[in-house]
file data31.cif (mmCIF, C-alpha atoms and all ligand atoms)
data_structure
loop_
_atom_site.label_atom_id
_atom_site.label_comp_id
_atom_site.auth_asym_id
_atom_site.auth_seq_id
_atom_site.Cartn_x
_atom_site.Cartn_y
_atom_site.Cartn_z
CA MET M 1 0.00 0.00 0.00
CA GLY M 2 1.04 3.59 -0.38
CA ASN M 3 2.92 5.41 -3.05
CA SER M 4 6.23 6.18 -1.38
CA ASP M 5 8.79 3.69 -0.12
CA ILE M 6 8.94 5.02 3.45
CA SER M 7 7.40 1.90 5.02
CA GLU M 8 9.80 -0.30 3.07
CA ARG M 9 12.85 1.77 4.05
CA ASP M 10 11.62 1.81 7.64
CA ARG M 11 11.87 -1.97 7.77
CA LYS M 12 15.60 -1.78 7.05
CA VAL M 13 16.68 0.89 9.51
CA THR M 14 14.38 1.28 12.51
CA TRP M 15 13.49 -0.78 15.52
CA HIS M 16 9.95 -0.19 16.77
CA PRO M 17 8.81 -0.13 20.40
CA PHE M 18 6.85 -3.11 21.78
CA THR M 19 6.96 -4.65 18.33
CA HIS M 20 7.52 -8.23 17.35
CA GLN M 21 9.86 -7.26 14.50
CA LYS M 22 9.71 -10.60 12.79
CA GLU M 23 5.95 -10.77 12.36
CA ALA M 24 5.30 -7.05 12.17
CA ALA M 25 3.38 -5.83 9.14
CA TYR M 26 4.83 -2.91 7.23
CA PRO M 27 4.24 0.10 9.45
CA LEU M 28 1.68 2.47 8.02
CA ASN M 29 3.25 5.71 6.82
CA ILE M 30 1.29 8.53 8.47
CA VAL M 31 1.78 11.85 6.75
CA LYS M 32 -0.66 14.16 8.47
CA GLY M 33 -2.88 14.60 11.49
CA GLU M 34 -5.89 16.82 11.90
CA GLY M 35 -8.34 16.77 14.79
CA VAL M 36 -9.40 13.23 15.58
CA TYR M 37 -7.93 11.95 12.27
CA LEU M 38 -4.61 10.59 11.07
CA PHE M 39 -3.96 10.40 7.30
CA ASP M 40 -1.75 7.87 5.54
CA GLU M 41 0.28 8.53 2.41
CA SER M 42 -2.51 7.21 0.17
CA GLY M 43 -4.92 9.76 1.59
CA ASN M 44 -6.89 7.31 3.74
CA LYS M 45 -8.07 8.83 6.99
CA TYR M 46 -8.40 7.08 10.32
CA ILE M 47 -10.04 7.99 13.61
CA ASP M 48 -7.27 7.84 16.20
CA ALA M 49 -9.26 5.92 18.82
CA PHE M 50 -6.24 5.38 21.09
CA SER M 51 -4.98 8.99 21.08
CA SER M 52 -1.62 7.83 19.70
CA TRP M 53 -0.75 5.89 22.84
CA TRP M 54 -2.96 7.87 25.18
CA VAL M 55 -1.14 11.17 24.72
CA ASN M 56 -3.35 13.28 22.48
CA LEU M 57 -6.07 15.41 24.08
CA HIS M 58 -7.13 18.22 21.75
CA GLY M 59 -6.76 16.52 18.38
CA HIS M 60 -3.75 16.20 16.08
CA ALA M 61 -1.78 19.21 14.89
CA ASN M 62 -3.95 21.49 17.01
CA PRO M 63 -3.16 24.91 15.50
CA TYR M 64 -3.23 26.79 18.82
CA ILE M 65 -0.65 24.51 20.48
CA ALA M 66 1.44 24.40 17.27
CA GLU M 67 1.56 28.20 17.18
CA LYS M 68 2.63 28.44 20.83
CA ILE M 69 5.47 25.96 20.26
CA TYR M 70 6.60 27.89 17.17
CA GLU M 71 6.61 31.21 19.05
CA GLN M 72 8.64 29.64 21.84
CA ALA M 73 11.07 27.99 19.40
CA LYS M 74 11.82 31.36 17.82
CA THR M 75 12.50 32.89 21.26
CA LEU M 76 14.26 30.30 23.43
CA GLU M 77 14.45 26.62 22.55
CA GLN M 78 16.49 25.26 25.46
CA VAL M 79 18.56 26.30 28.47
CA ALA M 80 20.00 24.18 31.26
CA PHE M 81 17.57 24.14 34.19
CA SER M 82 20.28 23.97 36.85
CA ASP M 83 21.43 27.55 37.42
CA PHE M 84 18.87 29.05 35.06
CA THR M 85 15.12 29.34 34.77
CA HIS M 86 12.56 30.58 32.25
CA ALA M 87 8.98 31.80 32.21
CA PRO M 88 7.36 28.77 30.50
CA ALA M 89 8.63 26.41 33.24
CA VAL M 90 7.70 28.72 36.11
CA MET M 91 4.26 29.47 34.69
CA LEU M 92 3.59 25.81 34.06
CA ALA M 93 4.62 24.88 37.62
CA GLU M 94 2.36 27.60 39.07
CA ARG M 95 -0.55 26.55 36.91
CA LEU M 96 -0.16 22.84 37.60
CA LEU M 97 0.01 23.50 41.34
CA SER M 98 -3.23 25.48 41.09
CA HIS M 99 -4.92 22.37 39.66
CA LEU M 100 -3.14 19.67 41.68
CA PRO M 101 -4.35 18.61 45.14
CA THR M 102 -3.59 21.41 47.60
CA ASN M 103 -0.96 19.39 49.49
CA GLN M 104 1.34 19.46 46.41
CA SER M 105 3.99 22.17 46.60
CA ARG M 106 6.85 21.53 44.15
CA ILE M 107 7.21 20.50 40.52
CA PHE M 108 10.22 18.47 39.33
CA TYR M 109 10.61 18.20 35.55
CA SER M 110 11.81 15.24 33.48
CA ASP M 111 11.15 13.79 30.04
CA ASN M 112 8.49 11.06 30.04
CA GLY M 113 6.28 8.85 32.18
CA SER M 114 8.99 6.38 33.12
CA THR M 115 11.35 9.13 34.28
CA SER M 116 8.55 10.77 36.27
CA VAL M 117 8.20 7.44 38.09
CA GLU M 118 11.97 7.04 38.58
CA VAL M 119 12.07 10.52 40.11
CA ALA M 120 9.11 9.72 42.38
CA LEU M 121 10.73 6.51 43.66
CA LYS M 122 14.08 8.21 44.23
CA MET M 123 12.37 11.09 46.04
CA ALA M 124 10.52 8.70 48.34
CA ILE M 125 13.60 6.58 49.07
CA GLN M 126 15.87 9.55 49.67
CA TYR M 127 13.19 11.29 51.74
CA GLN M 128 13.20 8.38 54.20
CA HIS M 129 17.00 8.38 54.13
CA ASN M 130 17.23 12.15 54.70
CA ILE M 131 14.93 12.12 57.72
CA GLY M 132 17.00 9.33 59.28
CA THR M 133 14.60 6.42 58.77
CA PRO M 134 15.98 4.62 55.69
CA LYS M 135 13.51 1.96 54.55
CA LYS M 136 13.71 -0.67 51.87
CA LYS M 137 10.29 -2.04 51.07
CA ILE M 138 8.15 -0.68 48.25
CA ILE M 139 4.58 -1.80 47.72
CA ALA M 140 2.83 -1.81 44.34
CA PHE M 141 -0.34 -3.29 42.91
CA GLU M 142 -0.33 -6.60 41.08
CA ASN M 143 -0.88 -6.14 37.35
CA GLY M 144 0.48 -2.57 37.51
CA TYR M 145 2.56 -0.82 34.88
CA HIS M 146 4.76 2.21 35.51
CA GLY M 147 7.17 2.37 32.57
CA ASP M 148 10.18 0.65 31.03
CA THR M 149 13.23 1.93 32.88
CA PHE M 150 14.73 -0.28 35.59
CA GLY M 151 13.09 1.40 38.56
CA SER M 152 9.71 1.63 36.90
CA MET M 153 9.96 -2.00 35.71
CA SER M 154 10.83 -3.06 39.25
CA VAL M 155 7.58 -1.71 40.65
CA ALA M 156 5.47 -3.50 38.03
CA GLU M 157 4.05 -6.97 37.75
CA ARG M 158 6.69 -9.46 36.56
CA ASN M 159 5.64 -10.60 33.08
CA VAL M 160 6.89 -11.44 29.60
CA PHE M 161 7.92 -7.85 29.01
CA ASN M 162 10.38 -7.62 31.85
CA ASN M 163 11.28 -11.28 32.38
CA PRO M 164 14.85 -11.09 30.94
CA PHE M 165 15.61 -8.33 33.45
CA ALA M 166 13.99 -10.00 36.45
CA PRO M 167 17.33 -10.76 38.19
CA PHE M 168 18.28 -7.08 37.94
CA LEU M 169 15.06 -5.62 39.31
CA PHE M 170 14.73 -4.66 42.96
CA GLU M 171 12.21 -6.51 45.03
CA VAL M 172 8.79 -5.07 45.67
CA GLN M 173 5.79 -6.40 47.51
CA LEU M 174 2.90 -6.82 45.11
CA ILE M 175 -0.60 -6.66 46.55
CA PRO M 176 -3.82 -7.26 44.57
CA ALA M 177 -5.54 -4.08 43.43
CA PRO M 178 -8.99 -3.60 45.01
CA ILE M 179 -10.89 -4.67 41.90
CA LYS M 180 -14.41 -6.04 42.35
CA GLY M 181 -14.36 -8.97 44.74
CA MET M 182 -10.77 -8.30 45.89
CA GLU M 183 -11.39 -5.29 48.14
CA LYS M 184 -11.09 -7.17 51.44
CA THR M 185 -8.04 -9.17 50.37
CA SER M 186 -6.30 -6.06 49.15
CA LEU M 187 -7.01 -4.06 52.30
CA GLY M 188 -6.07 -7.00 54.54
CA GLN M 189 -2.71 -7.43 52.82
CA PHE M 190 -1.96 -3.72 53.20
CA ASP M 191 -2.84 -3.87 56.85
CA HIS M 192 -0.41 -6.74 57.29
CA ALA M 193 2.40 -5.31 55.12
CA LEU M 194 2.30 -1.91 56.78
CA LYS M 195 2.90 -3.45 60.21
CA SER M 196 6.52 -3.83 59.11
CA GLU M 197 8.69 -0.83 59.99
CA ASP M 198 10.48 -1.13 56.69
CA VAL M 199 7.81 0.14 54.27
CA CYS M 200 9.12 3.13 52.32
CA ALA M 201 6.49 3.85 49.70
CA PHE M 202 3.42 2.64 47.84
CA ILE M 203 3.01 3.36 44.12
CA TYR M 204 -0.30 2.89 42.27
CA GLU M 205 -2.26 3.79 39.19
CA PRO M 206 -5.36 5.47 40.64
CA LEU M 207 -8.65 3.78 39.58
CA ILE M 208 -7.42 2.46 36.20
CA GLN M 209 -4.55 0.09 35.51
CA GLY M 210 -3.88 1.12 31.92
CA ALA M 211 -1.33 -1.19 30.31
CA GLY M 212 -2.51 -3.98 32.62
CA GLY M 213 -5.66 -4.12 30.48
CA MET M 214 -7.67 -1.00 31.39
CA VAL M 215 -8.58 -2.74 34.63
CA MET M 216 -10.78 -0.48 36.75
CA TYR M 217 -11.62 -0.28 40.43
CA GLU M 218 -13.64 1.99 42.68
CA PRO M 219 -12.29 4.79 44.92
CA GLU M 220 -13.60 3.54 48.30
CA THR M 221 -11.00 0.87 49.10
CA LEU M 222 -8.15 2.93 47.64
CA GLU M 223 -9.19 5.69 50.02
CA LYS M 224 -8.85 3.28 52.96
CA ILE M 225 -5.48 2.04 51.69
CA LEU M 226 -4.16 5.60 51.36
CA LYS M 227 -5.32 6.39 54.90
CA LEU M 228 -3.52 3.29 56.22
CA CYS M 229 -0.33 4.30 54.38
CA LYS M 230 -0.46 7.79 55.87
CA ALA M 231 -0.94 6.38 59.36
CA HIS M 232 2.21 4.27 58.86
CA LYS M 233 4.27 7.07 57.28
CA CYS M 234 4.49 5.16 54.01
CA ILE M 235 4.90 7.64 51.13
CA THR M 236 2.02 7.39 48.63
CA ILE M 237 2.85 7.85 44.95
CA ALA M 238 -0.03 8.30 42.48
CA ASP M 239 1.07 7.43 38.95
CA GLU M 240 -1.34 9.65 37.00
CA VAL M 241 0.69 9.36 33.79
CA MET M 242 -2.35 7.96 31.97
CA THR M 243 -5.22 9.17 34.18
CA GLY M 244 -4.24 12.85 34.41
CA PHE M 245 -5.66 15.82 32.51
CA GLY M 246 -9.31 14.85 32.52
CA ARG M 247 -9.16 11.27 31.21
CA THR M 248 -11.26 9.93 34.06
CA GLY M 249 -13.83 12.75 33.90
CA LYS M 250 -12.17 14.72 36.72
CA PHE M 251 -8.95 16.70 36.30
CA TRP M 252 -7.06 13.95 38.18
CA ALA M 253 -8.15 10.45 39.13
CA SER M 254 -6.87 11.37 42.61
CA ASN M 255 -9.77 13.83 42.85
CA TYR M 256 -12.12 10.86 43.36
CA MET M 257 -10.54 10.31 46.80
CA ASN M 258 -10.36 12.67 49.78
CA THR M 259 -6.95 11.41 50.90
CA LYS M 260 -4.32 13.00 48.73
CA PRO M 261 -1.12 11.31 47.53
CA ASP M 262 2.27 12.63 48.70
CA ILE M 263 3.81 12.42 45.24
CA ILE M 264 2.14 12.56 41.80
CA CYS M 265 3.59 11.47 38.42
CA LEU M 266 2.36 13.12 35.22
CA SER M 267 3.22 12.77 31.54
CA LYS M 268 1.39 11.52 28.41
CA GLY M 269 -1.43 14.10 28.00
CA ILE M 270 0.51 16.91 29.65
CA THR M 271 1.55 18.62 26.40
CA GLY M 272 -1.68 17.70 24.64
CA GLY M 273 0.35 15.00 22.91
CA PHE M 274 2.85 17.34 21.22
CA MET M 275 6.11 17.04 23.14
CA PRO M 276 7.67 14.58 25.58
CA LEU M 277 7.55 15.90 29.15
CA GLY M 278 7.36 14.30 32.57
CA ILE M 279 6.52 15.83 35.91
CA THR M 280 6.81 14.66 39.47
CA SER M 281 5.07 16.85 42.02
CA CYS M 282 5.49 16.43 45.75
CA ALA M 283 4.09 17.64 49.05
CA GLY M 284 5.93 20.30 51.03
CA PHE M 285 7.09 17.94 53.78
CA ILE M 286 8.98 15.85 51.21
CA TYR M 287 10.66 18.83 49.59
CA ASP M 288 11.64 20.20 53.01
CA ALA M 289 13.62 17.05 53.80
CA PHE M 290 15.96 17.89 50.89
CA VAL M 291 16.60 21.48 51.91
CA SER M 292 19.48 21.44 54.36
CA ASP M 293 23.00 22.75 55.09
CA ASP M 294 24.05 19.14 54.71
CA LYS M 295 24.85 18.82 50.98
CA THR M 296 24.44 15.05 51.02
CA LYS M 297 20.70 15.64 51.39
CA THR M 298 20.52 17.18 47.91
CA PHE M 299 18.44 15.47 45.23
CA TYR M 300 21.16 14.62 42.69
CA HIS M 301 18.96 13.84 39.73
CA GLY M 302 18.39 15.57 36.39
CA HIS M 303 18.14 15.19 32.64
CA SER M 304 19.75 17.25 29.88
CA TYR M 305 16.37 18.42 28.62
CA THR M 306 14.84 19.09 32.05
CA ALA M 307 12.00 21.63 31.69
CA ASN M 308 12.57 22.09 27.95
CA PRO M 309 10.94 25.41 27.04
CA LEU M 310 9.17 24.02 23.95
CA ALA M 311 7.62 21.19 25.99
CA CYS M 312 6.60 23.67 28.70
CA ALA M 313 5.08 26.00 26.07
CA ALA M 314 3.08 23.09 24.66
CA ALA M 315 1.89 22.14 28.16
CA ASN M 316 0.87 25.73 28.93
CA ALA M 317 -1.06 25.89 25.66
CA SER M 318 -2.76 22.57 26.40
CA LEU M 319 -3.75 23.92 29.84
CA ASP M 320 -5.29 26.99 28.16
CA LEU M 321 -7.56 24.59 26.27
CA LEU M 322 -8.25 22.35 29.28
CA GLU M 323 -9.26 25.31 31.41
CA LYS M 324 -12.20 26.11 29.13
CA HIS M 325 -15.20 24.69 30.92
CA GLU M 326 -16.81 23.46 27.67
CA LEU M 327 -13.97 20.99 27.44
CA PHE M 328 -14.95 19.09 30.57
CA GLU M 329 -18.58 19.20 29.46
CA HIS M 330 -17.53 17.46 26.27
CA VAL M 331 -15.54 14.87 28.25
CA GLN M 332 -18.78 14.25 30.17
CA PHE M 333 -20.55 13.76 26.86
CA ILE M 334 -17.96 11.16 25.79
CA ALA M 335 -18.32 9.54 29.22
CA SER M 336 -22.10 9.20 28.88
CA PHE M 337 -21.73 7.79 25.37
CA PHE M 338 -19.35 5.15 26.75
CA GLU M 339 -21.68 4.47 29.70
CA ARG M 340 -24.47 3.70 27.24
CA MET M 341 -22.13 1.46 25.22
CA LYS M 342 -21.19 -0.46 28.35
CA LYS M 343 -24.86 -1.08 29.20
CA LYS M 344 -25.50 -2.23 25.65
CA TYR M 345 -22.59 -4.68 25.50
CA GLN M 346 -22.16 -5.92 29.04
CA ASN M 347 -24.31 -9.03 28.62
CA HIS M 348 -23.07 -9.87 25.15
CA PRO M 349 -22.11 -13.57 24.94
CA ALA M 350 -18.69 -12.81 23.39
CA ILE M 351 -17.74 -10.45 26.21
CA ILE M 352 -16.32 -11.28 29.64
CA ASP M 353 -16.47 -7.75 30.98
CA CYS M 354 -17.19 -4.23 29.83
CA ARG M 355 -16.06 -1.15 31.73
CA ASN M 356 -15.77 2.59 31.45
CA ARG M 357 -14.70 5.69 33.35
CA GLY M 358 -14.57 9.17 31.89
CA ALA M 359 -13.25 9.15 28.34
CA ILE M 360 -12.08 5.52 28.57
CA PHE M 361 -14.05 2.47 27.45
CA ALA M 362 -12.83 -1.15 27.50
CA MET M 363 -14.20 -4.59 26.71
CA GLU M 364 -12.61 -7.93 27.50
CA LEU M 365 -13.37 -10.54 24.85
CA LYS M 366 -13.83 -14.26 25.36
CA THR M 367 -11.26 -16.19 23.35
CA GLU M 368 -10.01 -19.76 23.17
CA GLU M 369 -6.50 -18.60 23.83
CA ARG M 370 -5.99 -17.89 27.50
CA THR M 371 -2.93 -15.66 27.29
CA HIS M 372 -3.62 -12.03 27.84
CA TYR M 373 -1.09 -9.77 26.18
CA LEU M 374 0.09 -12.03 23.42
CA ASN M 375 -3.42 -13.02 22.47
CA GLN M 376 -3.65 -13.03 18.66
CA VAL M 377 -7.18 -11.69 18.66
CA GLY M 378 -5.76 -8.21 19.33
CA ARG M 379 -3.97 -8.19 15.97
CA LYS M 380 -7.11 -9.33 14.19
CA ILE M 381 -9.22 -6.66 15.84
CA SER M 382 -6.78 -3.88 15.01
CA SER M 383 -6.60 -4.86 11.33
CA PHE M 384 -10.39 -5.15 11.17
CA PHE M 385 -10.79 -1.66 12.61
CA LEU M 386 -8.04 -0.26 10.40
CA LYS M 387 -9.90 -1.38 7.29
CA LYS M 388 -12.92 0.52 8.59
CA GLY M 389 -10.85 3.66 9.11
CA ILE M 390 -10.29 3.40 12.85
CA ILE M 391 -7.01 2.98 14.70
CA VAL M 392 -7.16 0.87 17.87
CA ARG M 393 -4.41 -1.00 19.67
CA PRO M 394 -5.99 -3.71 21.83
CA LEU M 395 -4.09 -5.11 24.80
CA GLY M 396 -4.42 -8.76 23.75
CA ASN M 397 -8.11 -9.62 24.10
CA ILE M 398 -8.96 -6.23 25.57
CA LEU M 399 -10.31 -3.72 23.09
CA TYR M 400 -10.41 -0.17 24.38
CA PHE M 401 -11.17 3.34 23.19
CA ILE M 402 -9.38 6.35 24.64
CA PRO M 403 -10.03 8.99 21.98
CA PRO M 404 -8.86 12.60 21.74
CA TYR M 405 -11.39 14.84 23.51
CA VAL M 406 -12.32 16.50 20.19
CA ILE M 407 -14.13 13.36 19.05
CA ASN M 408 -17.75 14.16 18.12
CA GLN M 409 -20.97 12.16 18.29
CA ALA M 410 -20.83 10.93 14.67
CA GLN M 411 -17.26 9.70 15.17
CA LEU M 412 -18.19 7.96 18.42
CA GLU M 413 -21.04 6.30 16.55
CA GLU M 414 -18.51 5.01 14.00
CA LEU M 415 -16.58 3.35 16.84
CA GLU M 416 -19.80 1.77 18.10
CA LYS M 417 -20.86 0.58 14.64
CA CYS M 418 -17.49 -1.00 13.97
CA THR M 419 -17.62 -2.70 17.39
CA ASP M 420 -21.06 -4.13 16.51
CA GLU M 421 -19.70 -5.51 13.26
CA MET M 422 -16.66 -6.99 14.91
CA LEU M 423 -18.77 -8.70 17.60
CA SER M 424 -21.10 -10.15 14.98
CA LEU M 425 -18.13 -11.76 13.20
CA LEU M 426 -16.37 -13.21 16.26
CA PRO M 427 -14.86 -15.75 16.65
CA ASN M 428 -14.17 -15.79 12.91
CA LEU M 429 -12.78 -12.32 12.52
C1 LIG O 501 2.62 4.97 29.84
C2 LIG O 501 2.75 4.92 31.31
C3 LIG O 501 3.99 5.10 31.94
C4 LIG O 501 5.26 5.26 31.17
O1 LIG O 501 5.29 6.43 30.43
P1 LIG O 501 6.31 6.57 29.19
O2 LIG O 501 6.18 7.99 28.77
O3 LIG O 501 5.82 5.60 28.15
O4 LIG O 501 7.66 6.23 29.70
C5 LIG O 501 4.03 5.10 33.32
N1 LIG O 501 2.92 4.92 34.04
C6 LIG O 501 1.71 4.73 33.47
C7 LIG O 501 0.51 4.57 34.34
C8 LIG O 501 1.59 4.71 32.09
O5 LIG O 501 0.39 4.51 31.52
#
call {"tool": "encode", "arguments": {"input": "data31.cif", "output": "structure tokens"}}
result
Amino acid sequence: MGNSDISERDRKVTWHPFTHQKEAAYPLNIVKGEGVYLFDESGNKYIDAFSSWWVNLHGHANPYIAEKIYEQAKTLEQVAFSDFTHAPAVMLAERLLSHLPTNQSRIFYSDNGSTSVEVALKMAIQYQHNIGTPKKKIIAFENGYHGDTFGSMSVAERNVFNNPFAPFLFEVQLIPAPIKGMEKTSLGQFDHALKSEDVCAFIYEPLIQGAGGMVMYEPETLEKILKLCKAHKCITIADEVMTGFGRTGKFWASNYMNTKPDIICLSKGITGGFMPLGITSCAGFIYDAFVSDDKTKTFYHGHSYTANPLACAAANASLDLLEKHELFEHVQFIASFFERMKKKYQNHPAIIDCRNRGAIFAMELKTEERTHYLNQVGRKISSFFLKKGIIVRPLGNILYFIPPYVINQAQLEELEKCTDEMLSLLPNL
């Protein structure tokens, strides 16, 4: 397909992420984005129903954000963020803090979701060290995902993705997430684990475990877990890399709970999907433990591109758009569309479970194959949808939609129609 040889040349020189290079089809050459659509070199257009890996919020090539990046690029493209500062970074920090839970007081910049998690873990560990109570144990949820660097892999479920590195990962205690039916077990295991003096921190994806299969749980038990952690001086780290910036219907998933996390990780949607940027925010008491005459208490961590002005300009522009109240009304509209879809599909014989929260919808399909991630049905579903002009990237047998917020009713109806067709063809897709 296509009329240039880009896809062909790609096969000879690049190495794609999370891609089985041997079986991979020729990657589609995308030449343009506009609103909810991506266009390939043959002029076919596709609804981007997975927001290009959950990053896009306001549609592709949004002219307002593009303009703000261009203006910034002409003025100041980069400066080291050690002895220097600049308005885009300071404004962004002020604005984020005005939206974040009120206990958050400092913004630390990095480059992506994985680094925002690395920073959070290092902050928590060094915090305990700095206050004279070094602790070793970190708790995470089973089936969690926090990124692909060594620290972030360590705090995730051990699986096929990180198996070769297992001997190099630090030990964590994994506790079941409080999904339906597991609330008591989860809470009980926390109660037990936190009796140890050695618990340093707990990291979690609030309400939705994204890469783990868009697995969802309710706020009530998480609230109790967070309270327990606080009572035991265990640092709580909310990984809002996927759930931030309105995805769950509220600005942060953490807003569904009254107990606020000590540290929050942000990335993905932060720049509206334009530039890589990671953020770790923390509560004042954590920051204070690093401010001392004793230089060994310094946080010795940083990246060359820390607080890149172009990324900060994109994030500020995205916030301008997010702060318009119509935007959250539209997210509510998407949420109610998905709620209706869930009700329609939940008793379908081909479906194990259907779930939704905010602008996220997921369905788990019954298949003969029992494996989750490597389930072949995912490939079949994505090529079926692609032929119908929709881009999805199922997690094995879990099909999900996480569209840019600009998606309209007619486009949502296209997703629904294609889902109907797919379900009517299963298992012979
Ligand atoms: C995607 C993701 C990450 C990793 O972010 P990258 O930018 O891909 O490194 C971390 N945590 C969660 C919850 C994610 O969904």
call {"tool": "residues_near_point", "arguments": {"input": "data31.cif", "point": "(-3.7, 13.8, 25.9)", "cutoff": "8 Å", "atoms": "all atoms listed in the file", "output": "ChimeraX atom specification"}}
result
/M:51,54-58,245,268-273,404
call {"tool": "residues_around", "arguments": {"input": "data31.cif", "residues": "range 375-390 of chain M", "least_positions_apart": "2", "cutoff": "8 Å", "atoms": "only C-alpha atoms", "output": "tab-separated table (two decimals) with C-alpha atoms, in the frame of the given file"}}
result
chain	number	residue	atom	x	y	z
M	44	ASN	CA	-6.89	7.31	3.74
M	45	LYS	CA	-8.07	8.83	6.99
M	46	TYR	CA	-8.40	7.08	10.32
M	47	ILE	CA	-10.04	7.99	13.61
M	48	ASP	CA	-7.27	7.84	16.20
M	49	ALA	CA	-9.26	5.92	18.82
M	367	THR	CA	-11.26	-16.19	23.35
M	369	GLU	CA	-6.50	-18.60	23.83
M	370	ARG	CA	-5.99	-17.89	27.50
M	371	THR	CA	-2.93	-15.66	27.29
M	372	HIS	CA	-3.62	-12.03	27.84
M	373	TYR	CA	-1.09	-9.77	26.18
M	392	VAL	CA	-7.16	0.87	17.87
M	393	ARG	CA	-4.41	-1.00	19.67
M	394	PRO	CA	-5.99	-3.71	21.83
M	395	LEU	CA	-4.09	-5.11	24.80
M	396	GLY	CA	-4.42	-8.76	23.75
M	397	ASN	CA	-8.11	-9.62	24.10
M	398	ILE	CA	-8.96	-6.23	25.57
M	399	LEU	CA	-10.31	-3.72	23.09
M	415	LEU	CA	-16.58	3.35	16.84
M	418	CYS	CA	-17.49	-1.00	13.97
M	422	MET	CA	-16.66	-6.99	14.91
M	429	LEU	CA	-12.78	-12.32	12.52
call {"tool": "residues_around", "arguments": {"input": "data31.cif", "residues": "Leu96 in chain M", "least_positions_apart": "2", "cutoff": "10 Å", "atoms": "all atoms listed in the file", "output": "ChimeraX atom specification"}}
result
/M:90-94,98-101,104-107,270,279,281,315-316,319
call {"tool": "residues_near_point", "arguments": {"input": "data31.cif", "point": "(-12.6, -5.3, 23.5)", "cutoff": "6 Å", "atoms": "only C-alpha atoms", "output": "list in words"}}
result
Ala362, Met363, Glu364, Leu365, Ile398, Leu399 and Tyr400 of chain M
call {"tool": "write_last_selection", "arguments": {"input": "data31.cif", "atoms": "C-alpha atoms", "output": "compact mmCIF listing (two decimals), in the frame of the given file"}}
result
# COMPACT_ATOMS: atom_id res chain seq x y z
CA ALA M 362 -12.83 -1.15 27.50
CA MET M 363 -14.20 -4.59 26.71
CA GLU M 364 -12.61 -7.93 27.50
CA LEU M 365 -13.37 -10.54 24.85
CA ILE M 398 -8.96 -6.23 25.57
CA LEU M 399 -10.31 -3.72 23.09
CA TYR M 400 -10.41 -0.17 24.38
call {"tool": "residues_near_ligand", "arguments": {"input": "data31.cif", "ligand": "ligand LIG 501 (chain O)", "cutoff": "6 Å", "atoms": "all atoms listed in the file", "output": "list in words"}}
result
Asn112, Gly113, Ser114, Tyr145, His146, Gly147, Glu205, Gly210, Asp239, Val241, Met242 and Lys268 of chain M
call {"tool": "residues_around", "arguments": {"input": "data31.cif", "residues": "range 219-227 of chain M", "least_positions_apart": "2", "cutoff": "6 Å", "atoms": "only C-alpha atoms", "output": "PyMOL selection string"}}
result
chain M and resi 229-230+257
call {"tool": "residues_around", "arguments": {"input": "data31.cif", "residues": "Arg357 in chain M", "least_positions_apart": "4", "cutoff": "9 Å", "atoms": "all atoms listed in the file", "output": "list of chain:residue names"}}
result
M:Leu207, M:Ile208, M:Met216, M:Arg247, M:Thr248, M:Gly249, M:Ala335, M:Phe338, M:Glu339, M:Phe361
call {"tool": "residues_around", "arguments": {"input": "data31.cif", "residues": "range 67-82 of chain M", "least_positions_apart": "6", "cutoff": "8 Å", "atoms": "only C-alpha atoms", "output": "PDB file with C-alpha atoms, in the coordinates of the input"}}
result
ATOM      1  CA  SER M 304      19.750  17.250  29.880  1.00  0.00           C
ATOM      2  CA  TYR M 305      16.370  18.420  28.620  1.00  0.00           C
ATOM      3  CA  THR M 306      14.840  19.090  32.050  1.00  0.00           C
ATOM      4  CA  ALA M 307      12.000  21.630  31.690  1.00  0.00           C
ATOM      5  CA  ASN M 308      12.570  22.090  27.950  1.00  0.00           C
ATOM      6  CA  PRO M 309      10.940  25.410  27.040  1.00  0.00           C
ATOM      7  CA  LEU M 310       9.170  24.020  23.950  1.00  0.00           C
ATOM      8  CA  ALA M 311       7.620  21.190  25.990  1.00  0.00           C
ATOM      9  CA  ALA M 313       5.080  26.000  26.070  1.00  0.00           C
ATOM     10  CA  ALA M 314       3.080  23.090  24.660  1.00  0.00           C
ATOM     11  CA  ALA M 317      -1.060  25.890  25.660  1.00  0.00           C
TER      12      ALA M 317
END
call {"tool": "closest_residue", "arguments": {"input": "data31.cif", "among": "M:Glu142, M:Asp5, M:Asp420, M:Glu329", "to": "Gly246 in chain M", "atoms": "only C-alpha atoms"}}
result
M:Glu329
call {"tool": "closest_residue", "arguments": {"input": "data31.cif", "among": "M:Asp191, M:Glu416, M:Asp320, M:Asp294", "to": "Lys342 in chain M", "atoms": "all atoms listed in the file"}}
result
M:Glu416
call {"tool": "atom_distance", "arguments": {"input": "data31.cif", "atom1": "CA of Tyr204 in chain M", "atom2": "CA of Ile334 in chain M"}}
result
25.5 Å
call {"tool": "atom_distance", "arguments": {"input": "data31.cif", "atom1": "CA of Glu197 in chain M", "atom2": "CA of Ala238 in chain M"}}
result
21.6 Å
call {"tool": "atom_distance", "arguments": {"input": "data31.cif", "atom1": "CA of Ser154 in chain M", "atom2": "CA of Leu169 in chain M"}}
result
4.9 Å
call {"tool": "closest_residue", "arguments": {"input": "data31.cif", "among": "M:His86, M:Lys195, M:Lys260, M:Lys137", "to": "Leu174 in chain M", "atoms": "all atoms listed in the file"}}
result
M:Lys137
